[in-house]
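Peer 1: Contents of upload15.cif (mmCIF, C-alpha atoms and all ligand atoms) are given next:
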data_model
#
loop_
_atom_site.label_atom_id
_atom_site.label_comp_id
_atom_site.auth_asym_id
_atom_site.auth_seq_id
_atom_site.Cartn_x
_atom_site.Cartn_y
_atom_site.Cartn_z
CA MET A 639 7.48 20.59 -57.57
CA SER A 640 7.93 20.93 -53.82
CA THR A 641 8.72 24.56 -53.12
CA PRO A 642 12.07 25.06 -51.39
CA GLU A 643 12.81 27.89 -48.97
CA LYS A 644 12.99 31.17 -50.87
CA LEU A 645 16.37 32.88 -51.06
CA TYR A 646 15.01 36.35 -51.64
CA GLU A 647 11.69 38.07 -52.32
CA GLY A 648 11.59 41.31 -54.27
CA LYS A 649 8.71 43.48 -55.44
CA ALA A 650 7.99 41.50 -58.60
CA LYS A 651 9.87 38.21 -58.22
CA ILE A 652 10.76 35.49 -55.72
CA ILE A 653 14.14 33.77 -56.07
CA TYR A 654 14.50 30.09 -55.09
CA PRO A 655 17.60 27.91 -54.95
CA THR A 656 17.77 24.72 -57.04
CA ASP A 657 19.71 21.45 -56.65
CA ASP A 658 22.45 23.06 -58.70
CA PRO A 659 24.26 25.80 -56.72
CA GLU A 660 24.98 27.66 -59.96
CA ILE A 661 21.29 27.85 -60.97
CA LEU A 662 18.43 29.85 -59.41
CA LEU A 663 14.72 29.85 -60.12
CA ALA A 664 12.95 33.21 -60.51
CA TYR A 665 9.18 33.15 -59.90
CA PHE A 666 7.40 36.13 -61.51
CA LYS A 667 4.57 37.53 -59.34
CA ASP A 668 1.42 39.43 -60.32
CA ASP A 669 2.23 42.08 -57.67
CA ALA A 670 2.90 45.59 -58.93
CA THR A 671 4.51 48.48 -57.09
CA ALA A 672 5.38 52.03 -58.09
CA PHE A 673 6.90 55.17 -56.56
CA ASN A 674 9.32 53.14 -54.42
CA ALA A 675 6.52 50.76 -53.30
CA GLN A 676 4.26 53.56 -52.00
CA LYS A 677 1.66 52.43 -54.55
CA ARG A 678 0.83 48.72 -54.53
CA GLY A 679 -1.53 46.54 -56.54
CA THR A 680 -1.97 43.39 -58.57
CA ILE A 681 -1.98 43.08 -62.32
CA GLN A 682 -3.84 39.88 -63.24
CA GLY A 683 -1.58 37.52 -65.21
CA LYS A 684 1.41 39.89 -65.08
CA GLY A 685 3.81 37.23 -63.77
CA GLU A 686 3.24 34.91 -66.73
CA ILE A 687 3.26 37.75 -69.24
CA ASN A 688 6.48 39.31 -67.94
CA ASN A 689 8.21 35.94 -67.75
CA ALA A 690 7.20 35.15 -71.34
CA ILE A 691 8.27 38.59 -72.65
CA SER A 692 11.56 38.56 -70.69
CA SER A 693 12.38 34.99 -71.76
CA HIS A 694 11.77 35.86 -75.40
CA LEU A 695 13.87 39.03 -75.24
CA PHE A 696 16.75 37.35 -73.40
CA GLN A 697 16.84 34.66 -76.12
CA GLU A 698 16.73 37.34 -78.80
CA LEU A 699 19.66 39.16 -77.13
CA GLU A 700 21.69 35.94 -76.61
CA ALA A 701 21.23 35.13 -80.32
CA LYS A 702 22.78 38.51 -81.08
CA GLY A 703 25.79 37.96 -78.81
CA ILE A 704 24.68 39.60 -75.54
CA PRO A 705 25.54 37.43 -72.50
CA THR A 706 22.54 37.04 -70.15
CA HIS A 707 21.66 35.06 -67.02
CA TYR A 708 18.78 33.33 -68.86
CA ILE A 709 18.74 29.51 -69.04
CA ASP A 710 15.12 28.52 -69.77
CA SER A 711 11.52 28.86 -68.63
CA PRO A 712 10.29 25.55 -67.16
CA THR A 713 6.77 26.78 -66.25
CA PRO A 714 4.71 29.87 -67.23
CA ASN A 715 5.71 31.84 -64.11
CA GLU A 716 9.27 30.58 -63.74
CA MET A 717 12.63 31.34 -65.30
CA ARG A 718 15.81 29.38 -64.58
CA VAL A 719 18.79 31.70 -64.41
CA LYS A 720 22.52 31.52 -63.75
CA ARG A 721 23.41 32.52 -60.20
CA VAL A 722 25.08 35.92 -60.32
CA LYS A 723 26.17 38.58 -57.88
CA ILE A 724 24.03 41.58 -58.84
CA VAL A 725 25.96 44.83 -59.44
CA PRO A 726 23.96 47.27 -57.24
CA ILE A 727 23.42 49.73 -60.07
CA GLU A 728 20.20 50.30 -62.05
CA VAL A 729 21.18 51.29 -65.57
CA ILE A 730 18.61 53.56 -67.21
CA VAL A 731 18.75 53.90 -71.00
CA ARG A 732 16.76 56.75 -72.58
CA ASN A 733 15.83 57.32 -76.23
CA ILE A 734 12.93 59.71 -75.57
CA ALA A 735 12.38 61.99 -72.56
CA ALA A 736 9.78 60.77 -70.01
CA GLY A 737 9.38 60.04 -66.30
CA SER A 738 12.00 61.32 -63.89
CA LEU A 739 14.18 62.82 -66.66
CA SER A 740 11.36 65.17 -67.69
CA LYS A 741 10.42 65.89 -64.06
CA GLN A 742 13.99 66.70 -63.00
CA THR A 743 15.15 68.63 -66.08
CA GLY A 744 12.02 70.17 -67.59
CA ILE A 745 12.78 68.51 -70.95
CA PRO A 746 9.27 67.93 -72.37
CA VAL A 747 7.97 64.34 -72.46
CA GLY A 748 8.42 62.98 -75.98
CA THR A 749 11.63 64.90 -76.83
CA ILE A 750 14.07 62.67 -78.74
CA ILE A 751 17.30 62.16 -76.79
CA GLU A 752 20.26 62.14 -79.16
CA PRO A 753 22.67 60.55 -78.49
CA THR A 754 21.03 57.94 -76.26
CA LEU A 755 21.45 58.72 -72.56
CA VAL A 756 22.81 56.02 -70.21
CA GLU A 757 22.33 56.87 -66.52
CA PHE A 758 23.10 55.04 -63.28
CA CYS A 759 21.04 54.83 -60.09
CA TYR A 760 22.05 53.22 -56.80
CA LYS A 761 19.96 50.05 -56.36
CA ASN A 762 18.83 50.74 -52.82
CA ASP A 763 15.11 50.86 -51.90
CA GLU A 764 15.72 52.53 -48.52
CA LEU A 765 17.43 55.45 -50.26
CA GLY A 766 14.87 55.48 -53.10
CA ASP A 767 17.29 54.38 -55.88
CA PRO A 768 19.04 57.79 -56.18
CA LEU A 769 20.65 58.99 -59.41
CA LEU A 770 24.45 58.60 -59.19
CA THR A 771 27.31 60.58 -60.62
CA ARG A 772 30.26 58.52 -61.88
CA GLU A 773 32.33 60.04 -59.06
CA ARG A 774 29.89 58.85 -56.39
CA LEU A 775 29.64 55.44 -58.07
CA PHE A 776 33.43 55.00 -57.90
CA LEU A 777 33.57 56.54 -54.40
CA MET A 778 31.08 53.88 -53.28
CA LYS A 779 33.05 51.19 -55.17
CA LEU A 780 29.84 49.97 -56.85
CA ALA A 781 31.82 49.10 -59.99
CA THR A 782 35.32 49.50 -61.38
CA PRO A 783 35.89 51.94 -64.29
CA GLU A 784 36.41 48.90 -66.57
CA GLN A 785 33.13 47.30 -65.41
CA LEU A 786 31.24 50.58 -65.89
CA GLU A 787 32.63 50.95 -69.41
CA GLN A 788 31.61 47.36 -70.21
CA ILE A 789 28.14 47.94 -68.69
CA THR A 790 27.71 51.13 -70.75
CA GLN A 791 28.76 49.49 -74.02
CA LEU A 792 26.55 46.43 -73.41
CA SER A 793 23.60 48.70 -72.51
CA LEU A 794 23.98 50.65 -75.77
CA GLN A 795 24.17 47.40 -77.77
CA ILE A 796 21.09 46.06 -75.96
CA ASN A 797 19.30 49.33 -76.74
CA GLN A 798 20.06 48.96 -80.46
CA ILE A 799 18.81 45.38 -80.57
CA LEU A 800 15.67 46.02 -78.51
CA SER A 801 14.78 49.34 -80.20
CA GLU A 802 14.89 47.63 -83.58
CA PHE A 803 12.98 44.60 -82.28
CA PHE A 804 10.18 46.68 -80.75
CA ASN A 805 10.06 48.99 -83.76
CA GLU A 806 9.33 45.94 -85.91
CA CYS A 807 6.46 45.19 -83.45
CA GLY A 808 5.04 48.72 -84.01
CA ILE A 809 6.25 49.78 -80.55
CA THR A 810 8.63 52.62 -79.62
CA LEU A 811 11.16 51.80 -76.90
CA VAL A 812 11.16 55.09 -74.95
CA ASP A 813 13.37 54.12 -72.00
CA PHE A 814 14.19 51.09 -69.86
CA LYS A 815 16.10 49.82 -66.84
CA LEU A 816 18.76 47.10 -66.88
CA GLU A 817 20.60 45.21 -64.15
CA PHE A 818 23.83 43.32 -64.56
CA GLY A 819 25.41 40.51 -62.56
CA ILE A 820 28.72 38.72 -62.28
CA THR A 821 28.81 34.92 -62.64
CA SER A 822 30.96 32.63 -60.48
CA GLU A 823 33.45 32.67 -63.39
CA GLY A 824 33.69 36.46 -63.14
CA LYS A 825 31.75 37.18 -66.34
CA LEU A 826 29.49 40.24 -66.58
CA VAL A 827 26.01 39.27 -67.84
CA LEU A 828 22.61 40.94 -68.24
CA ALA A 829 20.31 39.89 -65.36
CA ASP A 830 16.87 40.65 -63.83
CA GLU A 831 14.06 41.08 -66.43
CA ILE A 832 13.04 43.12 -69.47
CA SER A 833 9.29 43.65 -69.47
CA PRO A 834 6.56 46.33 -69.51
CA ASP A 835 7.40 46.75 -65.79
CA THR A 836 10.91 47.92 -66.65
CA CYS A 837 10.47 49.59 -70.06
CA ARG A 838 8.40 52.50 -71.38
CA LEU A 839 6.71 51.22 -74.53
CA TRP A 840 4.55 53.39 -76.79
CA ASP A 841 2.16 51.96 -79.37
CA GLN A 842 3.08 53.54 -82.72
CA SER A 843 -0.50 53.22 -83.99
CA GLU A 844 -1.80 55.61 -81.28
CA THR A 845 -1.02 59.33 -81.08
CA ASP A 846 -2.98 60.06 -77.91
CA PRO A 847 -0.39 60.31 -75.08
CA ASN A 848 -2.46 58.14 -72.74
CA ARG A 849 -3.80 55.58 -75.21
CA ARG A 850 -0.32 54.83 -76.61
CA VAL A 851 1.06 53.67 -73.22
CA LEU A 852 1.68 49.88 -73.15
CA ASP A 853 3.72 49.68 -69.92
CA LYS A 854 3.68 50.19 -66.14
CA ASP A 855 2.82 53.87 -66.56
CA ARG A 856 -0.79 52.60 -67.00
CA PHE A 857 -0.54 51.43 -63.37
CA ARG A 858 1.51 54.40 -62.11
CA ARG A 859 -0.91 56.91 -63.65
CA ASP A 860 -4.18 54.93 -63.19
CA LEU A 861 -4.83 54.82 -66.93
CA GLY A 862 -6.81 51.52 -66.78
CA ASN A 863 -6.64 48.52 -69.18
CA ILE A 864 -3.28 47.47 -67.73
CA GLU A 865 -3.73 43.74 -68.37
CA SER A 866 -4.73 44.25 -72.01
CA ALA A 867 -1.73 46.55 -72.61
CA TYR A 868 0.68 43.92 -71.22
CA GLN A 869 -1.12 41.23 -73.29
CA GLN A 870 -0.74 43.38 -76.38
CA VAL A 871 3.04 43.64 -75.85
CA LEU A 872 3.30 39.86 -75.33
CA LYS A 873 1.25 39.12 -78.46
CA ARG A 874 3.41 41.37 -80.63
CA VAL A 875 6.69 40.10 -79.14
CA LEU A 876 5.72 36.46 -79.70
CA GLU A 877 4.51 37.14 -83.26
CA HIS A 878 7.80 38.77 -84.11
CA THR A 879 10.32 36.40 -85.63
CA SER A 880 13.72 37.86 -86.20
CA ASN A 881 15.89 36.92 -89.13
CA PRO A 882 18.72 34.77 -87.69
CA SER A 883 21.13 36.11 -90.31
CA GLU A 884 20.60 39.73 -89.15
N1 LIG B 1 12.55 51.78 -63.98
C1 LIG B 1 12.46 50.53 -63.40
N2 LIG B 1 12.69 50.41 -62.05
C2 LIG B 1 13.01 51.46 -61.27
C3 LIG B 1 13.10 52.74 -61.85
C4 LIG B 1 12.88 52.86 -63.22
O1 LIG B 1 12.20 49.54 -64.09
O2 LIG B 1 13.22 51.26 -60.06
C5 LIG B 1 12.31 51.94 -65.43
C6 LIG B 1 10.99 52.66 -65.73
O3 LIG B 1 9.94 51.74 -65.92
C7 LIG B 1 11.31 53.39 -67.01
C8 LIG B 1 12.81 53.68 -66.92
O4 LIG B 1 13.33 52.76 -65.97
O5 LIG B 1 11.08 52.55 -68.12
C9 LIG B 1 13.14 55.11 -66.51
O6 LIG B 1 12.46 55.39 -65.32
P1 LIG B 1 12.52 56.84 -64.64
O7 LIG B 1 13.89 57.12 -64.21
O8 LIG B 1 11.88 57.81 -65.56
O9 LIG B 1 11.72 56.65 -63.31
P2 LIG B 1 10.17 56.73 -63.01
O10 LIG B 1 9.82 58.17 -63.15
O11 LIG B 1 9.51 55.85 -64.00
O12 LIG B 1 10.12 56.19 -61.62
#
Rewrite the coordinates I just gave you, this time as C-alpha cells.

Peer 2:
Amino acid sequence: MSTPEKLYEGKAKIIYPTDDPEILLAYFKDDATAFNAQKRGTIQGKGEINNAISSHLFQELEAKGIPTHYIDSPTPNEMRVKRVKIVPIEVIVRNIAAGSLSKQTGIPVGTIIEPTLVEFCYKNDELGDPLLTRERLFLMKLATPEQLEQITQLSLQINQILSEFFNECGITLVDFKLEFGITSEGKLVLADEISPDTCRLWDQSETDPNRRVLDKDRFRRDLGNIESAYQQVLKRVLEHTSNPSE
C-alpha cells in the first residue's frame, strides 16, 4: 500500500488516516521506551507481537460485550481501528502491588490488592503522566462524573475477563493500563492496545521474581530475553481458545 501522511506518531505506534474518515490505521513499531522516554531501545519483532496479542484480546473482549475500537488486522504490524477522541486519562488497574504503587506507598511488590485498585493518571508526557485525584480530574474537565463511572465499571469488567483469560494461559495479570475513546456517535469504547508493553504479566510456572517477568519490566530493568518473553505471551494467548458460551 502507498503510505499516506501520518496523523500522529507516538512512542510505540504510528497512526495513519484511511479513505474512510471514521477508520484509522495503527502501525505497531518495534521501538520501546520507559521512564517517560528517558530509556529508549528496540525490541525485535515487538510491533508484530503486540499487534497480534492486542488484536486477539480486543476480539476476546468484544465477544464478552466490551465495546472496543478494534476493527481488524490487515497486516502483521497493522490494526484498523474506529476513529475516536481519546479521553486524556490513563486508567491503571492493579491486582497485585508492583511498580509505582510499591515505590510510592511502600506496599511490598507481590502484595495482593483486594479489592482491585483503579487509578487515573493524566495522559501528558510533558508532565510525566501524573497520578490524579478525582477532584483534579473533574477540575481539569478530563471527564464527566458519568464518564468516569462508566470508565471505572468497564475497567473492572475488562480486568475480570483478562485476569481469567491470562490465568488460563498460566500467567498472572498483575496490573495494566487502559485508554478509552469516544466515537463520532458519542460512544465510550476501549482504545489503544493491550500488550506486554502495557501489562505486568508473571509466569505462574516461575517463582523467581526476575525469571517470572513476561512484560516490559524485562526492558525497564535490563533483565534480558525480552523478545522470547513477548513471544511466550503471544504463543500462550494464541493457543488459548475461550469457550464462546462462557
Ligand atoms: N503503564 C503503561 N504506560 C504508562 C504507565 C504505566 O502502559 O505510561 C502500565 C505499566 O506497564 C504497568 C501498569 O501500567 O503494567 C502500572 O504501571 P505503574 O504505575 O506501576 O508505572 P511504572 O512504574 O511501570 O512506570

Peer 1: What's around Tyr708 (chain A) at 9 Å? Count all atoms listed in the file, leave out sequence neighbours fewer than 2 positions away in its own chain, and write the answer as a list in words.

Peer 2: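 In the requested format, the answer is Ser693, Phe696, Gln697, Glu700, Pro705, Thr706, Asp710, Ser711, Met717, Arg718, Val719, Lys720, Leu828 and Ala829 of chain A.
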
Peer 1: At what distance in Å, to one decimal, does CA of Thr782 (chain A) lie from CA of Ile734 (chain A)?

Peer 2: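 One can read the CA of Ile734 (chain A) to CA of Thr782 (chain A) distance as 28.4 Å.
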
Peer 1: Find the residue from A:Ile730, A:Ala736, A:Asn848, A:Arg774 that sits nearest to Ile796 (chain A); use all atoms listed in the file when measuring.

Peer 2: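 Looking at the shortest contact to Ile796 (chain A), the residue is A:Ile730.
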
Peer 1: What is the CA of Ile789 (chain A) to CA of Ser740 (chain A) distance in Å?

Peer 2: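 For CA of Ile789 (chain A) relative to CA of Ser740 (chain A), the distance reads 24.1 Å.
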
Peer 1: Have a look at CA of Thr879 (chain A) and CA of Gln798 (chain A) and let me know their distance in Å, one decimal.

Peer 2: 16.7 Å

Peer 1: Around ligand LIG 1 (chain B), at most 9 Å away and counting only C-alpha atoms and all ligand atoms, which residues are there? Put them as a VMD selection string, please.

Peer 2: chain A and resid 672 to 674 728 to 732 735 to 741 757 759 761 763 766 to 767 769 811 to 816 831 to 839 853 to 855 858

Peer 1: Those selected residues, please, written with C-alpha atoms and delivered as a PDB file, in the coordinates of the input.

Peer 2:
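See part.pdb below for the written result:
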ATOM      1  CA  ALA A 672       5.380  52.030 -58.090  1.00  0.00           C
ATOM      2  CA  PHE A 673       6.900  55.170 -56.560  1.00  0.00           C
ATOM      3  CA  ASN A 674       9.320  53.140 -54.420  1.00  0.00           C
ATOM      4  CA  GLU A 728      20.200  50.300 -62.050  1.00  0.00           C
ATOM      5  CA  VAL A 729      21.180  51.290 -65.570  1.00  0.00           C
ATOM      6  CA  ILE A 730      18.610  53.560 -67.210  1.00  0.00           C
ATOM      7  CA  VAL A 731      18.750  53.900 -71.000  1.00  0.00           C
ATOM      8  CA  ARG A 732      16.760  56.750 -72.580  1.00  0.00           C
ATOM      9  CA  ALA A 735      12.380  61.990 -72.560  1.00  0.00           C
ATOM     10  CA  ALA A 736       9.780  60.770 -70.010  1.00  0.00           C
ATOM     11  CA  GLY A 737       9.380  60.040 -66.300  1.00  0.00           C
ATOM     12  CA  SER A 738      12.000  61.320 -63.890  1.00  0.00           C
ATOM     13  CA  LEU A 739      14.180  62.820 -66.660  1.00  0.00           C
ATOM     14  CA  SER A 740      11.360  65.170 -67.690  1.00  0.00           C
ATOM     15  CA  LYS A 741      10.420  65.890 -64.060  1.00  0.00           C
ATOM     16  CA  GLU A 757      22.330  56.870 -66.520  1.00  0.00           C
ATOM     17  CA  CYS A 759      21.040  54.830 -60.090  1.00  0.00           C
ATOM     18  CA  LYS A 761      19.960  50.050 -56.360  1.00  0.00           C
ATOM     19  CA  ASP A 763      15.110  50.860 -51.900  1.00  0.00           C
ATOM     20  CA  GLY A 766      14.870  55.480 -53.100  1.00  0.00           C
ATOM     21  CA  ASP A 767      17.290  54.380 -55.880  1.00  0.00           C
ATOM     22  CA  LEU A 769      20.650  58.990 -59.410  1.00  0.00           C
ATOM     23  CA  LEU A 811      11.160  51.800 -76.900  1.00  0.00           C
ATOM     24  CA  VAL A 812      11.160  55.090 -74.950  1.00  0.00           C
ATOM     25  CA  ASP A 813      13.370  54.120 -72.000  1.00  0.00           C
ATOM     26  CA  PHE A 814      14.190  51.090 -69.860  1.00  0.00           C
ATOM     27  CA  LYS A 815      16.100  49.820 -66.840  1.00  0.00           C
ATOM     28  CA  LEU A 816      18.760  47.100 -66.880  1.00  0.00           C
ATOM     29  CA  GLU A 831      14.060  41.080 -66.430  1.00  0.00           C
ATOM     30  CA  ILE A 832      13.040  43.120 -69.470  1.00  0.00           C
ATOM     31  CA  SER A 833       9.290  43.650 -69.470  1.00  0.00           C
ATOM     32  CA  PRO A 834       6.560  46.330 -69.510  1.00  0.00           C
ATOM     33  CA  ASP A 835       7.400  46.750 -65.790  1.00  0.00           C
ATOM     34  CA  THR A 836      10.910  47.920 -66.650  1.00  0.00           C
ATOM     35  CA  CYS A 837      10.470  49.590 -70.060  1.00  0.00           C
ATOM     36  CA  ARG A 838       8.400  52.500 -71.380  1.00  0.00           C
ATOM     37  CA  LEU A 839       6.710  51.220 -74.530  1.00  0.00           C
ATOM     38  CA  ASP A 853       3.720  49.680 -69.920  1.00  0.00           C
ATOM     39  CA  LYS A 854       3.680  50.190 -66.140  1.00  0.00           C
ATOM     40  CA  ASP A 855       2.820  53.870 -66.560  1.00  0.00           C
ATOM     41  CA  ARG A 858       1.510  54.400 -62.110  1.00  0.00           C
TER      42      ARG A 858
END

Peer 1: What lies within 8 Å of Asp668 (chain A) using all atoms listed in the file, ignoring chain neighbours under 5 positions off, as a list of chain:residue names?

Peer 2: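 Selected residues are A:Ala650, A:Thr680, A:Ile681, A:Gln682, A:Gly683, A:Lys684, A:Gly685.
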